[in-house]
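Worksheet: the structure to be examined is printed underneath.
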Amino acid sequence: MAFIELNNISKTYKDTGYEVKVLDNLCWQVQQGRTVAVLGASGVGKSTLLHILGALDRPNEGKLLVDGQDIFMGSSEALAHFRNRTIGFVFQFHHLLPEFSALENVIMPALIAGQNKSEASARARDLLDKVGLSARLSHRLSQLSGGEQQRVAFARALVLSPRILLADEPTGNLDQKTGQVVNELILQLNQEYNLTTIVVTHNQALAELMQQRFRLIEGSIEQVD
């Protein structure tokens with residue numbers, strides 16, 4: 001059985017009185033521990049797909065099954081728990097808090113989840129070491145490069161030990177050299193933590209590193225050779 005399974009997912013938005021169908025009876029499966037790239041033209045619905053996978057948005061129709069669980073059958077509280085405990089998010093814009101240090105940014109989701117501060121701090125330090133930032137723990141965002149900020153975002157995404165990592169254009173704001181560092185980091189984290197990793201990207205170099213590549217076209221998804 002697939003770890004992630006989308007069955008007949010449809011999503012429609014209303015825009016100035018018109019309905020725009022972004023996803024149309026989309027069916028898709030992802031096996032546990034795989035690295036997957038989702039490609040497609042701008043505006044085709046890649047981010048919408050990622051938001052549904054992460055339970056940030058609900059489909060109009062269809063089911064999202066994760067490890068056999070029908071995610072959208074749960075309450076709002078159950079969805080929040082799923083997002084916090086199962087999903088790690090990394091976006092093109094890192095959404096870190098500039099008034100806090102790298103370590104404080106990584107710890108924060110764990111503290112919000114009610115974890116012990118000393119345990120959360122130990123976990124955050126270990127993750128920041130894994131992403132090569134052990135010497136930057138107390139640095140604020142203004143003291144970090146764009147690539148370093150994005151690595152902090154990856155550490156933050158993993159602090160609650162999620163099973164799935166969703167990344168939306170994670171190298172979109174980075175130069176080619178720094179982007180390559182982040183590309184390698186994605187593979188490293190996937191292997192070390194057995195993450196099921198789904199990356200939405202226009203970056204062909206990053207897509208080529210993934211074990212599977214899919215293209216979103218007119219609301220449906222197809223595998224790319």
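Numbering starts fresh at 1 for the residues of each chain in the structure tokens, the chains themselves are lettered A, B, ... in the order given, and ligands are numbered from 1 as they appear.
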
Practice task
Based on DSSP run over this structure's backbone, return all residues of chain A in strand (DSSP E or B), as a VMD selection string.
Solution key: chain A and resid 4 to 15 18 to 30 35 to 39 61 to 66 69 to 70 87 to 91 101 140 164 to 168 196 to 200 212 to 217 220 to 224

Exercise for the section: Skip stretch 124-136 of chain A itself and residues of its chain fewer than 5 positions away, then list as a VMD selection string all residues within 12 Å of it, counting only C-alpha atoms. Expected result: chain A and resid 101 to 111 115 117 to 119 141 to 145 147 to 161 181 to 189 192 to 193

Exercise for the section: Identify, on the basis of only C-alpha atoms, every residue whose closest approach to A:Ile4 does not exceed 7 Å; exclude the query and any residue fewer than 5 positions from it along the same chain; express the result as a ChimeraX atom specification. Expected result: /A:29-31,65-67

May I have the selected residues written with N, CA, C and O atoms, as a PDB file, in the first residue's frame?
ATOM      1  N   GLN A  29       0.107   8.341  -6.136  1.00  0.00           N
ATOM      2  CA  GLN A  29       0.635   7.577  -5.013  1.00  0.00           C
ATOM      3  C   GLN A  29       2.121   7.862  -4.840  1.00  0.00           C
ATOM      4  O   GLN A  29       2.846   8.022  -5.824  1.00  0.00           O
ATOM      5  N   VAL A  30       2.549   7.920  -3.580  1.00  0.00           N
ATOM      6  CA  VAL A  30       3.961   8.107  -3.249  1.00  0.00           C
ATOM      7  C   VAL A  30       4.340   7.067  -2.199  1.00  0.00           C
ATOM      8  O   VAL A  30       3.645   6.927  -1.190  1.00  0.00           O
ATOM      9  N   GLN A  31       5.423   6.366  -2.454  1.00  0.00           N
ATOM     10  CA  GLN A  31       5.880   5.355  -1.509  1.00  0.00           C
ATOM     11  C   GLN A  31       6.716   5.992  -0.397  1.00  0.00           C
ATOM     12  O   GLN A  31       7.344   7.031  -0.583  1.00  0.00           O
ATOM     13  N   LEU A  65      -5.100   9.962   1.688  1.00  0.00           N
ATOM     14  CA  LEU A  65      -4.769   8.911   2.636  1.00  0.00           C
ATOM     15  C   LEU A  65      -3.273   8.958   2.933  1.00  0.00           C
ATOM     16  O   LEU A  65      -2.459   8.990   2.003  1.00  0.00           O
ATOM     17  N   VAL A  66      -2.919   8.984   4.209  1.00  0.00           N
ATOM     18  CA  VAL A  66      -1.521   8.920   4.631  1.00  0.00           C
ATOM     19  C   VAL A  66      -1.391   7.744   5.585  1.00  0.00           C
ATOM     20  O   VAL A  66      -2.013   7.724   6.645  1.00  0.00           O
ATOM     21  N   ASP A  67      -0.599   6.772   5.160  1.00  0.00           N
ATOM     22  CA  ASP A  67      -0.435   5.536   5.935  1.00  0.00           C
ATOM     23  C   ASP A  67      -1.799   4.901   6.241  1.00  0.00           C
ATOM     24  O   ASP A  67      -2.037   4.409   7.339  1.00  0.00           O
TER      25      ASP A  67
END

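Relative to atom CA of A:Gly33, atom CA of A:Asn194 is found at 5.2 Å.
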
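Residue nearest A:Leu79 within the list A:Leu96, A:Ala55, A:Lys177, A:Thr12: A:Ala55 [criterion: smallest interatomic distance, only C-alpha atoms].
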
Exercise for the section: Compile the contact shell of A:Gly172 as a ChimeraX atom specification: residues with an atom at most 12 Å away, counting only C-alpha atoms, same-chain residues fewer than 5 positions apart removed. Expected result: /A:90-94,146-147,150,167,178-180,182-183,199-204,206

Practice task
Would you mind listing what lies within 8 Å of A:Leu26 as a list of chain:residue names, with only C-alpha atoms counted and same-chain residues fewer than 3 positions away left out?
Solution key: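 Near A:Leu26, the qualifying residues are A:Leu6, A:Asn7, A:Asn8, A:Ile9, A:Ser10, A:Leu23, A:Gly219, A:Ser220, A:Ile221.
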
Practice task
Considering only C-alpha atoms, return as a list of chain:residue names whatever protein or nucleic-acid residues lie within 12 Å of A:His81, sequence-local ones (same chain, fewer than 3 positions apart) excluded.
Solution key: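 Counting only the stated atoms, we get A:Gly54, A:Ala55, A:Leu56, A:Ile71, A:Gly74, A:Ser75, A:Ser76, A:Glu77, A:Ala78, A:Asn84, A:Arg85, A:Thr86, A:Ile87, A:Ile112, A:Ala113, A:Leu160, A:Pro162.
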
Exercise for the section: Apply DSSP to the structure's backbone, then extract all residues of stretch 2-162 of chain A labelled helix (DSSP H, G or I) and return them as a PyMOL selection string. Expected result: chain A and resi 46-53+71-73+76-86+102-112+117-130+141-143+146-158

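Distances here use only C-alpha atoms; by that measure, the residue among A:Cys27, A:Val44, A:Ala80, A:Val38 closest to A:Asp57 is A:Ala80.
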
Exercise for the section: Find the distance between atom CA of A:Leu166 and atom CA of A:Ile198 and write it in Å to one decimal. Expected result: 5.1 Å

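Straight-line separation from atom CA of A:Thr171 to atom CA of A:Ala37: 13.0 Å.
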
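For the residues A:Leu50, A:Ala120, A:Leu165, A:Ala207, ranking by smallest atom-to-atom distance to A:Gly88 using only C-alpha atoms places A:Leu165 first.
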